[in-house]
Structure formats: C-alpha cells, structure tokens
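Note sheet for the following structure.
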Amino acid sequence: MSQEDNSVELEEVQVRPEESDTAYSRAVRNSVDLISEFHPQDARKSFELRSASKEALRANISDRRSREASQGTLETLQIAIVADDKRRSKDEAIMREEKMKEQKEKGKAPLSKDEASHGGGDDELLKNFPISTGLTTAEAERALQQYGRNELPEKVTPKWYIFVSLLWQPMPVMIWIAAIVEIAIQNYIDMAILIAINLLNASLSYYETTKAGDAIAALKASLKPTASCMRNGVWIPDFDARLLVPGDLIELSAGSAVPADCMLNHGTIDTDESSMTGESLPVTLHEREMAKMGGTVARGETHATVVLTGKNTFFGKTASMLSESGGRSNLQKLLLKIMIILCCLAFVLVLAAFIYLLVTGQTLRDSASFAVVVIVASIPMAVEIVTTTTLAIGSKELSAFGAIVSRLAAIDDLAGLNMLCSDKTGTLTKNKMTIQPDAPCYEPNLNQMDLLKQAALAAKWESPPKDALDTLFLRCHLWFPEVKERLAEHVAQNPNLTQEEKDQWQNQEINVRLQDALADYESLAFMPFDPRVKRTENTIRVKSTGVIFKVTKGAPHIIQALDKDEGKGHKIHHKVTELGEDGIRAVAIAVSDPINDQWVLGAEEQNVNPVWRVTGMLTFLDPPRDDTKSTIAKSQAYGVPVRMITGDHLLIAKKTCRDLDMGNMDRPEWPHIQGPDHLPMLDAEGKPPADLVQNFGAYIKNADGFAQVFPEHKFLVVETFRQLGYKCGMTGDGVNDAPALKRADVGIAVAGATDAARAAADIVLTEEGLSTIVLGMEIARCIFARMKSFLTYRIAATLQLLSFFFIAVFVFNPADYAAHSSPPDGHEWPSFFSLPVIFLMIITLINDGTLISIGYDHAVPSKYPERWILPTLFIVSISLGAIACGSSLILLYFCLTSWDDNNLFQAIGIGGLHYGQITNCIFLKVAVSDILTLFSARTSHQFFFQRTPHKVLLIATGFALALSTTLALSWPHGTLDEVPVWGLGYDGQKIALWIWIYCFVVFIIQDCIKVGTWRILIKYNFFNVNNEVKSSFELEELASSRADLL
C-alpha cells in the first residue's frame, strides 16, 4: 500500500472508527509503526525549533512584565497576556515553517517512507494519525499484548555488579592494601583473614543496600501513575497509566503529568518539559502536535490520542541521555569527609610509626606487620552499612504513617528543616468547599441558583470535575435539594455501602440533574484556569435560540476588572472585604452580551471583544484541616516556623493566619501578610535575580506569609530562604506549587496532590492531614540522632585505636620492661607492642555487626533542627576516644609492670602476667570499652542512664560482650602473627573481672566528660551548634547597606 493510500484509509477510519474495530486498530498500528521509526529524530528537531524561538519567547515575557508593572488595570494585563500568547503561537509557527524549509533545502529534514507525500517532521507524521474516540477493552488488550506496558525501561544494576562495586569502596581498598602487605611479608593466614573479612563486609553491605533499595522501590511503586482515559465509552478518572496503549483517548489538564507520547486532538496547552530539555520556559503545543511523556501540563486542557508508549516514547528512547546525575547527598558528603580525614590520619601515623620502627632496628617484616595493624584499626568498615540501614528503617517507619519517601536522603534533610513554607488551599485547608447561602447578585432578576448555573457553564460540566472549585459547583446539593433524603433511603436499602460508594451514588444523582439543567447549552470554546489570569472562560451557544455568549468565573478582583461599571466594582470590593474578615471566600461570575456578530463558527482563531457584566458572587468556606492548627504549633515548638504562601486574597490569608496562630504573634502588626507587589520576579532567562538576599532577604524573612502570589513567587520565596541559610521545606498540592516543591530542600506533596506536585516532591503523603509532617520531623530527627550517635562512636573508636597503637609503639617497649622485672617468659616479650591482626578484625566485626542494631534504638528528637557539624562531631568523639585511649595505655602500663613488687596487680593479688595474657587483656579492654563507648555516644548530650536502650540493641551488645569476653578467656596459648596470646581463664587470676570493673569505671568518667563537652558547646553555641540563623536585624542592616551602596 502506498503512503497516499494509507493516508486516505486513516482519514476514513478517523471519521467512523466504531464501525470496524479491526480497521481502526490496523490504522493505529500502521501509524505507530511509521512514527516509531522517525519519532526520536523528530523529537530532537522539535526541541531544536523551540530553542530557536527561545529568544523571541523571552522577549515576549520581558515585554509582558514591563507592561505588568506599568499598566493600571487587571483587564489590560489579561488582554496583554492573551495577545502575547497569540503572538507567541504565530511566532512559533513561522519559525517552525522557516526551520523546516531550511532543513529541507539542506537535506536534513527527516523523511517518511514516501518522501513525495510527506515533507518530514512531527507535524507531517501526525497529520494522518487517527484521532481516537476511545478504545474498547478488547482493543486495548490486543494493543497491550503488542506494545507492552507503558513503562520506561529501568536501568537495573545487576546484583553481581552491586556486590563487586562494594569491594572497591575507600574502606575495602584499605583492607586490600593491608592484604597485599600481608602477602608481601608471606603472612598468608592473616591475608586470608583480611580477604574473608572484606568479602563478609561486602556481603553485609550488599544485603542492606539491596534491602533498602527494594523497600524504596516498593514504596514508590505504590504511587502508580494515573491518567483520565476513556474505555468502552466511559471516562475513568484514575486509570492506571501503565496500561495505556496507542489509540487510547486521554484527557490532559493543568497539573497532570503527560502519561505517554500523545497527540493533541484539539486546542492548545503549555507543557513543562524541563526534566527532558532543561528549558525552564513552558512549551506551547497545538492541535496534532506531540506532548512528550515525562512532561507536565502547565496550562490548558484538551483531549489527546496516545501515540507511543513505554520504551517507544521519546523519553524512553533517550532516557539514558536525559537521566539526571544524582549528586551526593549531605550525608554522603559527610561520610566521605570522615573517611578521608581518618584515612589521611592513618596514613600519617602509619608512615611515622613505620619509619620509627625501621630506624630503631626493626625488620621490614615486623614494621610492615605493625603498619597492617594500624591500617586495619583505622577502617570504619560499617559506616555506610549502618547509615543506609538506619535510613531504610526510618523510611519504612514513615511509610507506616502514610508518608512515602522517594529520596532516601530526604530523611536526613527533613531532620534539619528550620523553615516550612506551605500552600494554603488543599494543604492548610481541606480543599472541600461548602457553599454558603450569601450570594450577592449585581444584575436584576437573578438568584443563587442562576449564579450556580452560570458558574457551571464556566466549567466543563460534561466531564467529571477536575478540582475542588469545580466540584463545589458541579456537585453542589442545590442541583438536587432532596439528595440527602434520597441517599438515606438508598442506604437503608443497601446497608453495606462504603463511604466511597455513598459519595459516588450521591454525585451520580446530582450529575444527572446537572446535565438535565444544562441540556440546552453547548460549549464552543473552553479556556481552562490559568494561574496568570486566575479565571476560566467558556463560549456558550444556546441550542434552542442560537445565541452565543461568553461566561467566566474567577477571583473577584480579576472578574471585577472586566466590568466597566465602577459602582459595581466598589460594591464587590466592599463585599469581598466584609466576607474576607469572616474567612469566607468568593468566586465572581460575569456573563457577556451576545457575540453572534463577532463569532465565526469553525474558525481556528476568533477576534472577539466581549462586553462583560458581573452578575454576582457565590460564597463558600474552605475550613482548615482538623489537625492544621496543632501541627503548626508543634512545628514551631520544634524550631520550624511555618510561612503561608497562597494565591488567595490578602484578607482570607490574614484570617487563616489568625485562625491557625501562624507567624510571630508577639509583633503588634501580626499577622504580617505581604502581597506580591514587592516580591522578586524571575529574570528574562527564568533565573532568580542576582543579590536576592540583599534586596529581598529581610522583607521575606519578616513576613508571616504571602498572599495573591504567582507560582514563580512561591519558587523565589523558597529560594530566598535557602540563600538565607535556612533548610527550607515546602508543602503543596497543585501544579502551581511544583516549582517550589522541587526547589525546596524537602518537597512534601499532601494527599490528593496533582501528578506535577507528586513528581516534584521528595515525600508524598497518602493520608489526609498534616500531622504526618511533624511526625516525619520527629522520626527524621530520631534517625539523625541514631546516625550521629553511631558516627560519634565510630570516629571515637577509630581515633582510640589509632592513637593507642601510635603512642604505644613510641612509649612502651615490652622488652625493656622484661629486662627490668625478669618475667618467666621474658624472652618472648617483643621490642614494641602490637595486637594480632585477627584480634582487631574480631573486634571490628563484632562491633560493626552490633552497630546495625542501632537503627532500632530508642532516640529522642532534638528540640533544635539538626544539621551535620563536623567539628562538633570530632570534638565529642575526641573526648570519648581520649578517655578510652588513655585508660588502655594505663592498663598496658600496669600489665607490663605487673612483675614489679610495688605494682598494683601485686597488691590486689593478681600477680604478674605472661605476655600472652597481656595481649588478651588489651584485647578484652578494647572490645569492652568500645561497646560501652557506644552506650555513651548514643545519648548525645545526656547521661547514658537517661535514655533506655532498645531491646534489640541490648541483645546485640550483650551477645558482642559475651563473645569477646569468651574469646579473651578461652583463647589457647600460642602465637598469632608472632605475637604471644594466652586465654585469661586458665590461671584463675580473675583478671578478666578486674578489667570489666575497670572498663565500667572508665565508662562513667568518659560519659561525664562527654556531657561536660556537650554543655560547653551548647552554652557558648560553638560552631553555631544551636542552629541559629542570622537575625532579622542583621538582615535589615545588610539590606540597608546594600541600598546605600546602590
């Protein structure tokens, strides 16, 4: 079949697809095959065209903003915006034609199979694609078998690669170096032990890493993508987007994600494709143009036909090129810094000790063997295992309370949150409006029901409502006043109905009455809600009379500007102010005079200048969520102030602020809500302005909230807080919140949020209410406390061992002590002290295995927002490690002098120790002291007895202590690495008991020193440990000096 014949067949099927499912399916299949062959190239060409028009678009935006600052009326601004959009569309069309012509002349335009009938390009390929009217279940199942599920091919890292990569991390590399040294000195047993330890550690890491990854994947899978799709002639609003197939009919509306590569059936929409192209400006698409999977609808509403799905989409074919490089999180950067510091310290100490031993006459073998000991002692092997496990456990804990974490490191960021910005409608409030009886009318012979009818005409009444406001008007009980009584009768007949089924029945009954009431009206052109214009508009034809008119609904101050009647405008302003003081919101409705003389039926572009008349306002309440006030109070008690950022009216925002006790209530001007007049704007390139903090920092920081703002204001308020030094969170639910959610350190999408908001967020709430946010803060701070305790311990333990061996090799020469006191085995005493490598590995394995249980430990959330302060971490660790190291050196001294007559061991009846027993004594001391140090580190600034450990931690530490004590007592007499060893339980000296008592006394001293260190740090706020941010006074001084400079 020729290309021309194929085109004719498609056109015939497009008109009557229902007559032959087979023919329609074949037409779709042929078109998909054709487009699949050329689509990726065309997609890149399409982006090239958009890039070429970028300067023109930015010029339009710049021009628009200059007019916005200079024009006096909102009506003028709206007309200018619409004019800009039209001019932009024309500019794009002209540039597209010129570009295609240029590429055609150069022979670069993608060509179809029949070059004579197609000029190439997306537009040409889509020109003959059949417009869908919806598939049947049978058609969809056949297409699903052919094209597969609508899922992107995930890059799955092979399990073996994960395991092998764990063997080449910084810490395992240190072990490999130690193993190589052991091979060089022909110590094959220790070499085998080191390799086994590395493999065992990698196995543990592999298990915890894959378990955490699987848990996150399972949680994210529960957030399955949805789309509004027609199947079997019925619209399914929450259809599983993974089951979409080519030929499906879907609906695209503001806030929804584009679920597949789909062709617009009619109209115009703006899509955000920044995740694919990096372009911050929305892309305008027209009829028969392709909306790409991975984009988000920013403005507009239309029906579309699915063309390509899954791996065949542009995003699927270029996912590897478009994948975002995941940078290191704050926690990963911290761990890397700690590892580098410890490794550098170990290198310096090893080198110094190695040179010292060689200079003092030790053999190369002995010196290298000691170097291996120090290297092994410096390796914090379980750092990444424990942190990953702790975060994964916290993520699972959050999911139990309805918070799904899509980015594991967001838990760490949530712990440090010290500013929370929040949208109002749908976030602080229920977004479940209740219509009020007060309905002021400004035209004669109208009542509330007439206004409700006009409001419904200004929406897409034939389709299910898309948002809370449409639900208010299209599912209002006034359409069916007896609905409550009928519902009660229906429930009596069907007592087992769920609440969802009750709501569904009620909505269906109301919708039947709504459709009957509006049966005489036909929608000719619908303009969906635009955040820039803040209103919807519909062009209506009365079927019975043929009269054509426009109707619009939106914010009162926007609709008021359309009507030239100044007296009416004053009335509206006064009424809105009166309503706002009581927290009641209003939507104004305006109807135009007939426009039959201006409207051209069938024309793609209309040149209409309607005469608007405001007919009245419908009033409603959007009450706060039941837990909002308590959530805000708890958040502020935790040092996280909440700032409202809303597009709603200033008076409504102030009333909400007062009702919820938001902001600084000590100020006389509270609530201090700022309007949009003095807020920053993005520059012509879509970037934040320079000197954002200097020019706007004090203004934004001092506000209790912001009202009547646009999406870019929300984005810039969040960005300003971040540049001020805050770790800023953002909660929201709409597409207008998505930019701010993505920019925030922690973006939180509330239950019922749009696809755009959920895609931009780090945490998605699945249950109603905001209390989960504060609960999440508590859980995150507990997780942070556990990780801080572990890192404090791990650094302290590493520093203790490094310092102990380094000092011991310089200070203590066992052979000299043997020469002085003449022990029976004096010939076995070496010229420097060291422990066998296997003893250190046993200590490391036992302790690190125990540390995994810290993820379950009891923790108390901090009163302050948490943040990683490396100097503080090392100071506290040094205080713990210094006591442990000093006590080990003291014990070593008494052990080496145990044969002296005036030695303490002689006085208490222990007597002299053989060198093998001294080795086991130090092994036991280090093992027990390490575990006790953990109990001190886990309580942070508190004493160890002020917080009860979790039973899992107690069992794990109890097992570790029992095992290390048993090994120290029962190790057979012999040598390891040419170092004598001897179990402490063979001579009945009870030295092990005395070491336990000694370790506990040292632990008490160690804990007191730690508490004292913390109190000094907190009292004098060293290193800004209390997480203070620059005061308002400092910011005002900064802004003032900046203004003087300018």
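In the structure tokens, each chain is lettered A, B, ... as it comes, each chain's residues begin at 1, and ligands are numbered from 1 in order of appearance.
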Could you give me the residues within stretch 336-573 of chain A that DSSP places in helix (DSSP H, G or I), as number ranges by chain?
A: 336-359, 364-377, 383-399, 410-415, 424-428, 448-457, 468-474, 477-479, 483-493, 499-517, 556-560, 566-573
Would you export the selected residues with C-alpha atoms as a short mmCIF file (atom, residue, chain, number, x, y, z; two decimals), in the first residue's frame, please?
data_model
loop_
_atom_site.label_atom_id
_atom_site.label_comp_id
_atom_site.auth_asym_id
_atom_site.auth_seq_id
_atom_site.Cartn_x
_atom_site.Cartn_y
_atom_site.Cartn_z
CA LEU A 336 33.23 10.89 52.53
CA LYS A 337 34.85 13.70 54.55
CA ILE A 338 35.06 11.48 57.63
CA MET A 339 36.62 8.65 55.65
CA ILE A 340 39.16 10.98 54.04
CA ILE A 341 40.12 12.51 57.41
CA LEU A 342 40.52 9.13 59.08
CA CYS A 343 42.44 7.67 56.14
CA CYS A 344 44.79 10.67 55.99
CA LEU A 345 45.36 10.47 59.73
CA ALA A 346 46.02 6.75 59.48
CA PHE A 347 48.46 7.29 56.61
CA VAL A 348 50.44 9.89 58.58
CA LEU A 349 50.58 7.75 61.73
CA VAL A 350 51.43 4.58 59.83
CA LEU A 351 54.22 6.32 57.95
CA ALA A 352 55.65 7.85 61.12
CA ALA A 353 55.50 4.57 63.04
CA PHE A 354 56.90 2.59 60.09
CA ILE A 355 59.90 4.91 59.75
CA TYR A 356 60.43 4.89 63.54
CA LEU A 357 60.47 1.10 63.68
CA LEU A 358 62.91 0.83 60.80
CA VAL A 359 65.19 3.45 62.36
CA LEU A 364 60.97 -4.72 57.37
CA ARG A 365 58.63 -7.63 58.00
CA ASP A 366 57.86 -6.58 61.59
CA SER A 367 57.47 -2.92 60.62
CA ALA A 368 55.11 -3.83 57.76
CA SER A 369 53.15 -6.13 60.05
CA PHE A 370 52.63 -3.28 62.52
CA ALA A 371 51.60 -0.99 59.64
CA VAL A 372 48.90 -3.51 58.74
CA VAL A 373 47.65 -3.43 62.34
CA VAL A 374 47.29 0.35 62.28
CA ILE A 375 45.64 0.31 58.85
CA VAL A 376 43.07 -2.25 59.99
CA ALA A 377 42.46 -0.29 63.19
CA VAL A 383 29.81 3.30 58.21
CA GLU A 384 27.78 3.04 55.00
CA ILE A 385 26.01 -0.16 56.06
CA VAL A 386 24.72 1.32 59.30
CA THR A 387 23.69 4.67 57.79
CA THR A 388 21.85 3.00 54.89
CA THR A 389 20.14 0.57 57.24
CA THR A 390 19.12 3.34 59.63
CA LEU A 391 17.65 5.45 56.81
CA ALA A 392 15.84 2.45 55.32
CA ILE A 393 14.31 1.56 58.68
CA GLY A 394 13.22 5.19 59.07
CA SER A 395 11.69 5.20 55.59
CA LYS A 396 9.69 2.11 56.46
CA GLU A 397 8.60 3.73 59.72
CA LEU A 398 7.44 6.85 57.85
CA SER A 399 5.50 4.77 55.32
CA ALA A 410 15.38 13.46 52.21
CA ILE A 411 15.05 11.95 55.70
CA ASP A 412 18.38 13.49 56.62
CA ASP A 413 17.26 16.85 55.16
CA LEU A 414 13.90 16.65 56.98
CA ALA A 415 15.73 16.37 60.30
CA LYS A 424 -2.99 27.24 51.81
CA THR A 425 -5.79 25.77 49.71
CA GLY A 426 -5.73 21.99 49.88
CA THR A 427 -2.74 21.97 52.21
CA LEU A 428 -3.57 24.01 55.29
CA GLN A 448 -28.26 31.98 43.86
CA MET A 449 -29.41 29.16 41.56
CA ASP A 450 -28.94 31.36 38.49
CA LEU A 451 -25.41 32.19 39.61
CA LEU A 452 -24.70 28.50 40.20
CA LYS A 453 -25.92 27.72 36.69
CA GLN A 454 -23.62 30.37 35.23
CA ALA A 455 -20.69 29.05 37.28
CA ALA A 456 -21.32 25.56 35.91
CA LEU A 457 -21.36 26.94 32.36
CA ALA A 468 -12.21 21.37 44.35
CA LEU A 469 -13.77 24.54 42.93
CA ASP A 470 -15.38 22.72 40.01
CA THR A 471 -16.56 20.04 42.44
CA LEU A 472 -18.18 22.77 44.55
CA PHE A 473 -20.29 24.00 41.61
CA LEU A 474 -20.83 20.80 39.61
CA HIS A 477 -26.53 19.81 46.56
CA LEU A 478 -28.59 22.72 45.19
CA TRP A 479 -28.92 20.87 41.88
CA VAL A 483 -30.36 14.33 47.65
CA LYS A 484 -29.75 13.79 51.38
CA GLU A 485 -33.16 12.20 51.86
CA ARG A 486 -32.77 10.04 48.76
CA LEU A 487 -29.33 8.96 49.92
CA ALA A 488 -30.73 7.93 53.29
CA GLU A 489 -33.36 5.80 51.51
CA HIS A 490 -30.71 4.26 49.28
CA VAL A 491 -28.51 3.43 52.28
CA ALA A 492 -31.48 1.87 54.07
CA GLN A 493 -31.95 -0.44 51.11
CA GLN A 499 -18.47 5.81 52.28
CA GLU A 500 -16.87 5.91 48.85
CA GLU A 501 -19.88 4.14 47.33
CA LYS A 502 -22.23 6.55 49.08
CA ASP A 503 -20.36 9.55 47.73
CA GLN A 504 -20.31 8.03 44.26
CA TRP A 505 -24.06 7.43 44.28
CA GLN A 506 -24.76 10.97 45.50
CA ASN A 507 -22.51 12.53 42.88
CA GLN A 508 -24.13 10.49 40.10
CA GLU A 509 -27.61 11.61 41.14
CA ILE A 510 -26.54 15.26 41.29
CA ASN A 511 -24.81 14.97 37.91
CA VAL A 512 -28.00 13.65 36.29
CA ARG A 513 -29.88 16.78 37.42
CA LEU A 514 -26.98 19.00 36.34
CA GLN A 515 -26.92 17.58 32.82
CA ASP A 516 -30.69 17.97 32.54
CA ALA A 517 -30.48 21.60 33.67
CA PRO A 556 -13.42 38.68 42.39
CA HIS A 557 -10.75 41.31 41.79
CA ILE A 558 -10.00 39.70 38.40
CA ILE A 559 -13.63 39.42 37.27
CA GLN A 560 -14.42 42.89 38.62
CA GLU A 566 -17.20 51.40 38.69
CA GLY A 567 -20.13 51.48 41.12
CA LYS A 568 -20.49 47.74 40.84
CA GLY A 569 -16.75 47.40 41.36
CA HIS A 570 -16.91 49.32 44.65
CA LYS A 571 -19.75 47.08 45.83
CA ILE A 572 -17.76 43.95 45.00
CA HIS A 573 -14.65 45.25 46.75
#
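The coordinates place atom CA of A:Thr754 at 5.5 Å from atom CA of A:Gly734.
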What's the 7 Å shell around A:Leu770, counting only C-alpha atoms, without same-chain residues fewer than 6 positions away, as a list in words?
Asp627, Thr628 and Thr631 of chain A
Could you list, as number ranges by chain, every residue within 8 Å of A:Leu934, counting only C-alpha atoms and ignoring same-chain residues fewer than 5 positions away?
A: 789-790, 793
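Closest to A:Gly663 among A:Ala138, A:Leu579, A:Met419, A:Met681 is A:Met419, based on only C-alpha atoms.
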For the interface of stretch 739-789 of chain A with stretch 716-730 of chain A (cut-off 10 Å, counting only C-alpha atoms), please tabulate each contacting residue of stretch 739-789 of chain A alongside its nearest pair of atoms and their separation in Å to one decimal, rows sorted by chain and increasing number, as a Markdown table.
| residue | atom | partner | partner_atom | distance |
| --- | --- | --- | --- | --- |
| A:Pro739 | CA | A:Leu716 | CA | 9.4 |
| A:Ala740 | CA | A:Val718 | CA | 6.4 |
| A:Leu741 | CA | A:Met730 | CA | 5.5 |
| A:Lys742 | CA | A:Met730 | CA | 8.7 |
| A:Arg743 | CA | A:Glu719 | CA | 7.0 |
| A:Ala744 | CA | A:Gly729 | CA | 5.3 |
| A:Asp745 | CA | A:Cys728 | CA | 5.5 |
| A:Val746 | CA | A:Gly729 | CA | 4.6 |
| A:Gly747 | CA | A:Met730 | CA | 5.0 |
| A:Ile748 | CA | A:Met730 | CA | 6.0 |
| A:Ala749 | CA | A:Met730 | CA | 8.4 |
| A:Ala761 | CA | A:Met730 | CA | 8.8 |
At what distance in Å, to one decimal, does atom CA of A:Val306 lie from atom CA of A:Gly247?
5.2 Å
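Nearest to A:Ile175 of all the residues A:Val750, A:Val837, A:Leu904, A:Ala555 is A:Val837, counting only C-alpha atoms.
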Just the residues within 10 Å of A:His914, please, counting only C-alpha atoms, with nothing from its chain fewer than 4 positions along; format it as a PyMOL selection string.
chain A and resi 823-826+828-829+895-896+898-899+918-919+980-982
Limited to all heavy atoms, could you put the picked residues into a file as a compact mmCIF listing (two decimals), in the first residue's frame?
# COMPACT_ATOMS: atom_id res chain seq x y z
N PRO A 823 60.34 -11.38 83.93
CA PRO A 823 59.24 -12.37 83.96
C PRO A 823 59.72 -13.71 83.41
O PRO A 823 60.75 -13.77 82.71
CB PRO A 823 58.20 -11.73 83.04
CG PRO A 823 58.98 -10.88 82.11
CD PRO A 823 60.14 -10.35 82.91
N PRO A 824 59.05 -14.81 83.75
CA PRO A 824 59.49 -16.14 83.29
C PRO A 824 59.58 -16.26 81.77
O PRO A 824 60.42 -16.99 81.25
CB PRO A 824 58.42 -17.07 83.86
CG PRO A 824 57.79 -16.32 84.98
CD PRO A 824 57.87 -14.88 84.62
N ASP A 825 58.69 -15.57 81.07
CA ASP A 825 58.70 -15.66 79.61
C ASP A 825 59.31 -14.41 78.99
O ASP A 825 58.91 -13.97 77.90
CB ASP A 825 57.28 -15.86 79.07
CG ASP A 825 56.34 -14.71 79.48
OD1 ASP A 825 56.67 -13.97 80.44
OD2 ASP A 825 55.29 -14.52 78.82
N GLY A 826 60.27 -13.79 79.68
CA GLY A 826 60.83 -12.53 79.23
C GLY A 826 61.42 -12.58 77.84
O GLY A 826 61.43 -11.58 77.12
N GLU A 828 60.13 -13.88 75.35
CA GLU A 828 59.07 -13.76 74.35
C GLU A 828 58.58 -12.32 74.20
O GLU A 828 57.81 -12.03 73.28
CB GLU A 828 57.88 -14.66 74.73
CG GLU A 828 58.19 -16.15 74.72
CD GLU A 828 56.97 -16.97 75.07
OE1 GLU A 828 55.92 -16.37 75.42
OE2 GLU A 828 57.05 -18.22 74.99
N TRP A 829 59.00 -11.45 75.11
CA TRP A 829 58.48 -10.09 75.06
C TRP A 829 59.13 -9.32 73.92
O TRP A 829 60.36 -9.20 73.87
CB TRP A 829 58.74 -9.37 76.39
CG TRP A 829 57.90 -9.91 77.54
CD1 TRP A 829 57.57 -11.21 77.78
CD2 TRP A 829 57.29 -9.15 78.58
NE1 TRP A 829 56.79 -11.33 78.91
CE2 TRP A 829 56.61 -10.07 79.43
CE3 TRP A 829 57.25 -7.80 78.91
CZ2 TRP A 829 55.90 -9.66 80.55
CZ3 TRP A 829 56.54 -7.41 80.04
CH2 TRP A 829 55.88 -8.33 80.85
N CYS A 895 50.03 -3.69 83.15
CA CYS A 895 50.26 -5.07 82.72
C CYS A 895 51.75 -5.34 82.50
O CYS A 895 52.30 -6.38 82.92
CB CYS A 895 49.49 -5.36 81.43
SG CYS A 895 47.70 -5.51 81.64
N LEU A 896 52.43 -4.38 81.84
CA LEU A 896 53.86 -4.56 81.55
C LEU A 896 54.71 -4.53 82.82
O LEU A 896 55.79 -5.14 82.86
CB LEU A 896 54.34 -3.48 80.57
CG LEU A 896 53.77 -3.57 79.15
CD1 LEU A 896 54.21 -2.37 78.32
CD2 LEU A 896 54.20 -4.86 78.45
N SER A 898 53.57 -5.63 85.78
CA SER A 898 52.87 -6.48 86.76
C SER A 898 53.82 -7.34 87.58
O SER A 898 53.44 -7.84 88.66
CB SER A 898 51.86 -7.40 86.03
OG SER A 898 52.54 -8.24 85.11
N TRP A 899 55.07 -7.53 87.14
CA TRP A 899 56.01 -8.36 87.90
C TRP A 899 56.80 -7.55 88.92
O TRP A 899 57.55 -8.11 89.72
CB TRP A 899 56.99 -9.06 86.94
CG TRP A 899 56.30 -10.06 86.06
CD1 TRP A 899 55.84 -9.88 84.81
CD2 TRP A 899 55.98 -11.41 86.42
NE1 TRP A 899 55.25 -11.03 84.34
CE2 TRP A 899 55.32 -12.00 85.33
CE3 TRP A 899 56.18 -12.19 87.58
CZ2 TRP A 899 54.87 -13.32 85.34
CZ3 TRP A 899 55.74 -13.52 87.58
CH2 TRP A 899 55.08 -14.06 86.47
N ILE A 918 48.90 -10.49 78.65
CA ILE A 918 48.82 -9.04 78.43
C ILE A 918 48.12 -8.74 77.10
O ILE A 918 47.27 -7.84 77.01
CB ILE A 918 50.23 -8.42 78.45
CG1 ILE A 918 50.86 -8.56 79.83
CG2 ILE A 918 50.19 -6.96 78.01
CD1 ILE A 918 52.30 -8.10 79.90
N THR A 919 48.46 -9.52 76.07
CA THR A 919 47.81 -9.34 74.76
C THR A 919 46.30 -9.53 74.88
O THR A 919 45.51 -8.72 74.37
CB THR A 919 48.38 -10.35 73.74
OG1 THR A 919 49.79 -10.18 73.64
CG2 THR A 919 47.74 -10.16 72.38
N PRO A 980 52.63 -13.44 71.14
CA PRO A 980 52.09 -14.43 72.09
C PRO A 980 50.66 -14.08 72.52
O PRO A 980 50.32 -12.91 72.73
CB PRO A 980 53.05 -14.34 73.28
CG PRO A 980 54.31 -13.75 72.73
CD PRO A 980 53.87 -12.82 71.64
N VAL A 981 49.83 -15.11 72.64
CA VAL A 981 48.45 -14.96 73.13
C VAL A 981 48.20 -16.06 74.16
O VAL A 981 48.77 -17.16 74.07
CB VAL A 981 47.43 -15.04 71.99
CG1 VAL A 981 47.54 -13.85 71.06
CG2 VAL A 981 47.57 -16.34 71.19
N TRP A 982 47.32 -15.74 75.13
CA TRP A 982 47.07 -16.71 76.20
C TRP A 982 45.73 -16.34 76.84
O TRP A 982 45.54 -15.22 77.31
CB TRP A 982 48.20 -16.63 77.23
CG TRP A 982 48.24 -17.81 78.19
CD1 TRP A 982 47.25 -18.68 78.46
CD2 TRP A 982 49.36 -18.22 78.97
NE1 TRP A 982 47.65 -19.61 79.36
CE2 TRP A 982 48.96 -19.37 79.70
CE3 TRP A 982 50.67 -17.74 79.14
CZ2 TRP A 982 49.81 -20.04 80.58
CZ3 TRP A 982 51.49 -18.42 80.02
CH2 TRP A 982 51.07 -19.54 80.72
Write down as a PyMOL selection string the residues belonging to stretch 691-884 of chain A that are assigned strand (DSSP E or B) by DSSP computed on the backbone.
chain A and resi 705-706+728-732+746-749+763-765
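The shortest atom-to-atom distance to A:Arg758, with only C-alpha atoms taken into account, belongs to A:Thr226 out of A:Asn1026, A:Thr965, A:Thr226, A:Thr302.
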What's the 12 Å shell around A:Arg667, counting only C-alpha atoms, without same-chain residues fewer than 3 positions away, as a PyMOL selection string?
chain A and resi 662-664+670-672+702-704
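Interatomic distance, atom CA of A:Gln598 against atom CA of A:Ala525: 14.0 Å.
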